[in-house]
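Chemist: Got a structure for you, written out below as structure tokens; questions coming shortly.
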Amino acid sequence: MKTDSFFYRYFSEFPQAFFALIGEDEQKSQHYKFTSVEVKEQGFRFDGVFLPETSDDHLYFTEVQFRKDDDIYSGLFAEICLYLRQYKPANDWRAVVFFPNGSFNPGVHQHYREFFESGRLKRVYLNKLPREYRERFPLSILQIILESGQELPGVIDKIVKQVPVEIHDRKEQEKIIDLLVNLLMHRLPSLTRKEIEKMFDTILSDIKKSRAYQEIAQEAAQEAAYKSKRAIALAMAKEGMSPALISKLTDLSKAEVLEISKEVAARPKPRKSRKPKNNSIKSATR
């Protein structure tokens with residue numbers, strides 16, 4: 001499962017979840033911008049960086065590790081040192097590595113023990129989070145990754161009930177559902193996207209019934225219809241049909257058709273190729 005892309009979207013949507021996971025005040029997320037930063041010299045890219053808006057807060061580098069890698073710390077600290085050299089941030093920094101469980105952590109390496117002892121590095125084992133902690137939205141979403149297949153139906157049912165309670169904006173609800181659907185497609189590869197979306201029918205049907213959704217859908221349909229009419233009018237204008245006839249056939253206004261006609265007239269016409277003179281034939285027939 002591609003956890004890097006999921007966690008990037010997850011922390012982008014729920015920055016407060018990051019601070020909850022590391023035991024900090026969730027309200028701190030209001031003073032941070034979460035982004036992806038590339039260190040150019042070696043083409044390194046962090047899973048995510050929380051950039052503080054004030055000089056008093058820490059800069060946080062995040063890493064998600066869901067596969068065994070004995071060199072994770074050497075790579076991480078190399079990236080951090082290159083970042084500090086390139087960007088020269090004024091803020092002090094911390095690094096957080098998320099593991100599904102302790103077996104994925106290669107342990108303290110003697111070359112980097114100062115980072116561990118100083119407290120700059122924090123390791124979070126998601127399976128060790130207290131049960132009641134994981135029940136809270138949006139941390140409850142992480143249970144899709146952590147729970148066994150048998151537990152998933154109950155987890156999904158719980159999240160389906162939480163989303164409309166916690167997220168009131170319809171567009172935001174759609175974004176969260178898309179995040180969940182993509183995550184479940186990795187978790188349940190035997191199911192199609194349509195089958196997975198059925199799990200969220202309750203929320204989706206409410207969204208589609210809403211006035212805001214219907215207005216957006218109507219606008220999208222009108223825009224698609226207009227683009228189609230304009231393409232037809234453009235083709236007619238190229239064939240030299242009169243603006244009045246084009247307006248009548250496409251139901252576009254005369255002003256719109258005149259604009260399209262001007263657009264066609266302004267385009268450079270393709271040059272006609274000139275046939276070369278065949279002097280050899282002429283000379284042969286003389």
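Every chain in the structure tokens has a letter given in the order shown (A, B, ...), and although residue numbers restart at 1 in each chain, ligands are simply numbered from 1 in the order shown.
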Counting only C-alpha atoms, what is within 12 Å of Asp71 (chain A), bar same-chain residues fewer than 2 positions away, as a count of residues only?

Modeler: 18

Chemist: Skipping near chain neighbours, those fewer than 4 positions away, what residues fall within 9 Å of Ser247 (chain A) using only C-alpha atoms, listed as a ChimeraX atom specification?

Modeler: /A:233,242-243,251-254,256-257

Chemist: Write out as a PDB file with C-alpha atoms, in the first residue's frame the set of residues from region 14-254 of chain A that DSSP, computed on the backbone, places in helix (DSSP H, G or I).

Modeler:
```pdb
ATOM      1  CA  PRO A  15      -2.911  18.862  10.301  1.00  0.00           C
ATOM      2  CA  GLN A  16      -4.325  18.694  13.830  1.00  0.00           C
ATOM      3  CA  ALA A  17      -3.978  14.892  13.687  1.00  0.00           C
ATOM      4  CA  PHE A  18      -0.179  15.204  13.424  1.00  0.00           C
ATOM      5  CA  PHE A  19       0.062  17.220  16.640  1.00  0.00           C
ATOM      6  CA  ALA A  20      -2.350  14.865  18.399  1.00  0.00           C
ATOM      7  CA  LEU A  21      -0.176  11.890  17.404  1.00  0.00           C
ATOM      8  CA  GLU A  26      -3.911  20.128  18.342  1.00  0.00           C
ATOM      9  CA  GLN A  27      -4.555  23.889  18.161  1.00  0.00           C
ATOM     10  CA  LYS A  28      -0.897  24.385  17.202  1.00  0.00           C
ATOM     11  CA  SER A  29      -1.790  23.229  13.681  1.00  0.00           C
ATOM     12  CA  GLN A  30      -3.363  26.650  13.080  1.00  0.00           C
ATOM     13  CA  HIS A  31       0.130  28.174  13.085  1.00  0.00           C
ATOM     14  CA  ILE A  72      16.034   5.033   7.208  1.00  0.00           C
ATOM     15  CA  TYR A  73      17.822   7.215   9.770  1.00  0.00           C
ATOM     16  CA  SER A  74      20.944   7.801   7.673  1.00  0.00           C
ATOM     17  CA  GLY A  75      18.734   8.931   4.783  1.00  0.00           C
ATOM     18  CA  LEU A  76      16.476  11.061   6.968  1.00  0.00           C
ATOM     19  CA  PHE A  77      19.262  12.928   8.755  1.00  0.00           C
ATOM     20  CA  ALA A  78      21.155  13.439   5.479  1.00  0.00           C
ATOM     21  CA  GLU A  79      18.030  15.060   4.008  1.00  0.00           C
ATOM     22  CA  ILE A  80      17.553  17.229   7.093  1.00  0.00           C
ATOM     23  CA  CYS A  81      21.160  18.454   7.061  1.00  0.00           C
ATOM     24  CA  LEU A  82      20.930  19.306   3.349  1.00  0.00           C
ATOM     25  CA  TYR A  83      17.633  21.111   3.959  1.00  0.00           C
ATOM     26  CA  LEU A  84      19.150  23.156   6.812  1.00  0.00           C
ATOM     27  CA  ARG A  85      22.096  24.065   4.586  1.00  0.00           C
ATOM     28  CA  GLN A  86      19.919  25.125   1.649  1.00  0.00           C
ATOM     29  CA  TYR A  87      17.003  26.870   3.354  1.00  0.00           C
ATOM     30  CA  GLY A 102       7.957  -1.514  16.543  1.00  0.00           C
ATOM     31  CA  SER A 103       9.181  -4.294  14.237  1.00  0.00           C
ATOM     32  CA  PHE A 104       9.748  -1.736  11.433  1.00  0.00           C
ATOM     33  CA  GLN A 110      25.659   4.586  16.937  1.00  0.00           C
ATOM     34  CA  HIS A 111      26.364   7.284  14.323  1.00  0.00           C
ATOM     35  CA  TYR A 112      23.098   9.092  15.061  1.00  0.00           C
ATOM     36  CA  ARG A 113      22.540   8.458  18.770  1.00  0.00           C
ATOM     37  CA  GLU A 114      22.857  12.202  19.558  1.00  0.00           C
ATOM     38  CA  PHE A 115      19.653  12.852  17.607  1.00  0.00           C
ATOM     39  CA  PHE A 116      17.849  10.229  19.689  1.00  0.00           C
ATOM     40  CA  GLU A 117      19.269  11.349  23.043  1.00  0.00           C
ATOM     41  CA  LEU A 126       0.508   3.677  15.406  1.00  0.00           C
ATOM     42  CA  ASN A 127      -0.509   0.288  16.817  1.00  0.00           C
ATOM     43  CA  LYS A 128       0.398   1.546  20.312  1.00  0.00           C
ATOM     44  CA  ARG A 131      -7.935   2.513  21.669  1.00  0.00           C
ATOM     45  CA  GLU A 132     -10.050   5.460  22.835  1.00  0.00           C
ATOM     46  CA  TYR A 133      -7.558   7.787  21.140  1.00  0.00           C
ATOM     47  CA  ARG A 134      -8.004   6.031  17.802  1.00  0.00           C
ATOM     48  CA  LEU A 139      -7.490   9.630  14.016  1.00  0.00           C
ATOM     49  CA  SER A 140     -10.161   6.969  13.501  1.00  0.00           C
ATOM     50  CA  ILE A 141      -9.265   6.980   9.770  1.00  0.00           C
ATOM     51  CA  LEU A 142      -5.904   5.391  10.642  1.00  0.00           C
ATOM     52  CA  GLN A 143      -7.767   2.264  11.784  1.00  0.00           C
ATOM     53  CA  ILE A 144      -8.363   1.456   8.101  1.00  0.00           C
ATOM     54  CA  ILE A 145      -4.599   0.876   7.879  1.00  0.00           C
ATOM     55  CA  LEU A 146      -4.162  -0.804  11.243  1.00  0.00           C
ATOM     56  CA  GLY A 149      -9.805  -7.271   7.269  1.00  0.00           C
ATOM     57  CA  GLN A 150     -12.471  -8.699   9.590  1.00  0.00           C
ATOM     58  CA  GLU A 151     -12.610  -5.438  11.564  1.00  0.00           C
ATOM     59  CA  LEU A 152     -12.830  -3.158   8.528  1.00  0.00           C
ATOM     60  CA  PRO A 153     -16.642  -3.183   8.048  1.00  0.00           C
ATOM     61  CA  GLY A 154     -17.140  -1.924  11.607  1.00  0.00           C
ATOM     62  CA  VAL A 155     -14.413   0.698  11.199  1.00  0.00           C
ATOM     63  CA  ILE A 156     -15.915   1.968   7.925  1.00  0.00           C
ATOM     64  CA  ASP A 157     -19.413   2.110   9.437  1.00  0.00           C
ATOM     65  CA  LYS A 158     -18.079   4.178  12.336  1.00  0.00           C
ATOM     66  CA  ILE A 159     -16.241   6.624  10.045  1.00  0.00           C
ATOM     67  CA  VAL A 160     -19.306   6.980   7.775  1.00  0.00           C
ATOM     68  CA  LYS A 161     -21.260   8.152  10.847  1.00  0.00           C
ATOM     69  CA  GLN A 162     -18.466  10.462  12.013  1.00  0.00           C
ATOM     70  CA  VAL A 163     -17.840  12.348   8.739  1.00  0.00           C
ATOM     71  CA  PRO A 164     -21.157  14.308   8.517  1.00  0.00           C
ATOM     72  CA  VAL A 165     -20.976  15.095  12.239  1.00  0.00           C
ATOM     73  CA  GLU A 166     -17.378  16.360  12.170  1.00  0.00           C
ATOM     74  CA  ARG A 170     -20.281  19.327   1.525  1.00  0.00           C
ATOM     75  CA  LYS A 171     -17.184  19.882  -0.628  1.00  0.00           C
ATOM     76  CA  GLU A 172     -14.929  18.934   2.271  1.00  0.00           C
ATOM     77  CA  GLN A 173     -17.009  15.786   2.821  1.00  0.00           C
ATOM     78  CA  GLU A 174     -16.457  14.810  -0.825  1.00  0.00           C
ATOM     79  CA  LYS A 175     -12.693  15.303  -0.438  1.00  0.00           C
ATOM     80  CA  ILE A 176     -12.615  13.115   2.680  1.00  0.00           C
ATOM     81  CA  ILE A 177     -14.641  10.376   0.958  1.00  0.00           C
ATOM     82  CA  ASP A 178     -12.251  10.447  -2.005  1.00  0.00           C
ATOM     83  CA  LEU A 179      -9.342  10.056   0.437  1.00  0.00           C
ATOM     84  CA  LEU A 180     -11.073   7.108   2.121  1.00  0.00           C
ATOM     85  CA  VAL A 181     -12.005   5.437  -1.167  1.00  0.00           C
ATOM     86  CA  ASN A 182      -8.421   5.624  -2.455  1.00  0.00           C
ATOM     87  CA  LEU A 183      -7.119   4.213   0.832  1.00  0.00           C
ATOM     88  CA  LEU A 184      -9.612   1.338   0.755  1.00  0.00           C
ATOM     89  CA  MET A 185      -8.725   0.528  -2.863  1.00  0.00           C
ATOM     90  CA  HIS A 186      -5.208  -0.272  -1.620  1.00  0.00           C
ATOM     91  CA  ARG A 187      -6.526  -2.115   1.402  1.00  0.00           C
ATOM     92  CA  ARG A 193     -13.979   1.596  -6.931  1.00  0.00           C
ATOM     93  CA  LYS A 194     -17.754   1.461  -7.469  1.00  0.00           C
ATOM     94  CA  GLU A 195     -18.110  -1.296  -4.863  1.00  0.00           C
ATOM     95  CA  ILE A 196     -16.067   0.683  -2.358  1.00  0.00           C
ATOM     96  CA  GLU A 197     -18.013   3.886  -3.006  1.00  0.00           C
ATOM     97  CA  LYS A 198     -21.206   1.962  -2.133  1.00  0.00           C
ATOM     98  CA  ASP A 201     -23.784   5.704  -0.083  1.00  0.00           C
ATOM     99  CA  THR A 202     -25.378   7.269   3.007  1.00  0.00           C
ATOM    100  CA  ILE A 203     -23.102  10.320   2.910  1.00  0.00           C
ATOM    101  CA  LEU A 204     -22.937  10.531  -0.875  1.00  0.00           C
ATOM    102  CA  SER A 205     -26.720  10.473  -1.240  1.00  0.00           C
ATOM    103  CA  ASP A 206     -27.024  13.297   1.307  1.00  0.00           C
ATOM    104  CA  ILE A 207     -24.385  15.301  -0.549  1.00  0.00           C
ATOM    105  CA  LYS A 208     -26.139  14.778  -3.896  1.00  0.00           C
ATOM    106  CA  LYS A 209     -29.469  15.861  -2.401  1.00  0.00           C
ATOM    107  CA  ARG A 211     -28.795  22.350  -2.919  1.00  0.00           C
ATOM    108  CA  ALA A 212     -25.095  23.231  -3.198  1.00  0.00           C
ATOM    109  CA  TYR A 213     -24.279  19.940  -4.947  1.00  0.00           C
ATOM    110  CA  GLN A 214     -27.198  20.310  -7.371  1.00  0.00           C
ATOM    111  CA  GLU A 215     -26.130  23.855  -8.231  1.00  0.00           C
ATOM    112  CA  ILE A 216     -22.549  22.696  -8.912  1.00  0.00           C
ATOM    113  CA  ALA A 217     -23.801  19.768 -11.024  1.00  0.00           C
ATOM    114  CA  GLN A 218     -26.093  22.092 -13.000  1.00  0.00           C
ATOM    115  CA  GLU A 219     -23.252  24.567 -13.611  1.00  0.00           C
ATOM    116  CA  ALA A 220     -20.990  21.727 -14.809  1.00  0.00           C
ATOM    117  CA  ALA A 221     -23.689  20.453 -17.204  1.00  0.00           C
ATOM    118  CA  GLN A 222     -24.307  23.963 -18.593  1.00  0.00           C
ATOM    119  CA  GLU A 223     -20.574  24.534 -19.105  1.00  0.00           C
ATOM    120  CA  ALA A 224     -20.215  21.200 -20.950  1.00  0.00           C
ATOM    121  CA  ALA A 225     -23.214  22.033 -23.182  1.00  0.00           C
ATOM    122  CA  TYR A 226     -21.813  25.488 -23.977  1.00  0.00           C
ATOM    123  CA  LYS A 227     -18.387  24.049 -24.921  1.00  0.00           C
ATOM    124  CA  SER A 228     -20.107  21.566 -27.249  1.00  0.00           C
ATOM    125  CA  LYS A 229     -22.176  24.300 -28.953  1.00  0.00           C
ATOM    126  CA  ARG A 230     -19.116  26.510 -29.339  1.00  0.00           C
ATOM    127  CA  ALA A 231     -17.110  23.684 -30.968  1.00  0.00           C
ATOM    128  CA  ILE A 232     -19.956  23.101 -33.467  1.00  0.00           C
ATOM    129  CA  ALA A 233     -20.210  26.842 -34.206  1.00  0.00           C
ATOM    130  CA  LEU A 234     -16.458  27.016 -34.768  1.00  0.00           C
ATOM    131  CA  ALA A 235     -16.622  24.171 -37.301  1.00  0.00           C
ATOM    132  CA  MET A 236     -19.545  25.870 -39.106  1.00  0.00           C
ATOM    133  CA  ALA A 237     -17.697  29.199 -39.239  1.00  0.00           C
ATOM    134  CA  LYS A 238     -14.682  27.483 -40.789  1.00  0.00           C
ATOM    135  CA  PRO A 243     -23.445  34.027 -38.513  1.00  0.00           C
ATOM    136  CA  ALA A 244     -27.252  34.224 -38.590  1.00  0.00           C
ATOM    137  CA  LEU A 245     -27.580  30.570 -39.618  1.00  0.00           C
ATOM    138  CA  ILE A 246     -24.958  29.426 -37.072  1.00  0.00           C
ATOM    139  CA  SER A 247     -26.812  31.307 -34.324  1.00  0.00           C
ATOM    140  CA  LYS A 248     -30.105  29.681 -35.311  1.00  0.00           C
ATOM    141  CA  LEU A 249     -28.663  26.137 -35.437  1.00  0.00           C
ATOM    142  CA  THR A 250     -26.567  26.290 -32.244  1.00  0.00           C
ATOM    143  CA  LYS A 254     -25.407  36.587 -32.421  1.00  0.00           C
TER     144      LYS A 254
END
```

Chemist: Might you pull out every residue within 7 Å of Lys33 (chain A), with only C-alpha atoms counted and same-chain residues fewer than 4 positions away left off, and present them as a short mmCIF file (atom, residue, chain, number, x, y, z; two decimals) with N, CA and C atoms, in the first residue's frame?

Modeler:
```
data_model
loop_
_atom_site.label_atom_id
_atom_site.label_comp_id
_atom_site.auth_asym_id
_atom_site.auth_seq_id
_atom_site.Cartn_x
_atom_site.Cartn_y
_atom_site.Cartn_z
N PHE A 50 6.13 20.39 8.29
CA PHE A 50 5.27 21.38 8.92
C PHE A 50 6.09 22.64 9.15
N LEU A 51 5.77 23.69 8.37
CA LEU A 51 6.50 24.95 8.45
C LEU A 51 5.78 25.90 9.41
N PRO A 52 6.45 26.35 10.46
CA PRO A 52 5.80 27.22 11.45
C PRO A 52 5.66 28.65 10.95
#
```

Chemist: For CA of Asp57 (chain A) and CA of Tyr125 (chain A), determine how far apart the two atoms are, in Å to one decimal place.

Modeler: 23.8 Å

Chemist: Would you please work out which residue, of A:Leu129, A:Leu59, A:Met241, A:Val49, is nearest to Pro100 (chain A) when using only C-alpha atoms?

Modeler: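 Closest to Pro100 (chain A), using only C-alpha atoms: A:Leu129.
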
Chemist: Mind checking DSSP for region 25-210 of chain A and telling me the strand (DSSP E) residues as number ranges by chain?

Modeler: A: 32-35, 38-39, 44-45, 48-52, 59-64, 93-99, 121-125

Chemist: Please compute the CA of Asp92 (chain A)-CA of Glu38 (chain A) distance, one decimal, in Å.

Modeler: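 Going from CA of Asp92 (chain A) over to CA of Glu38 (chain A) covers 19.0 Å.
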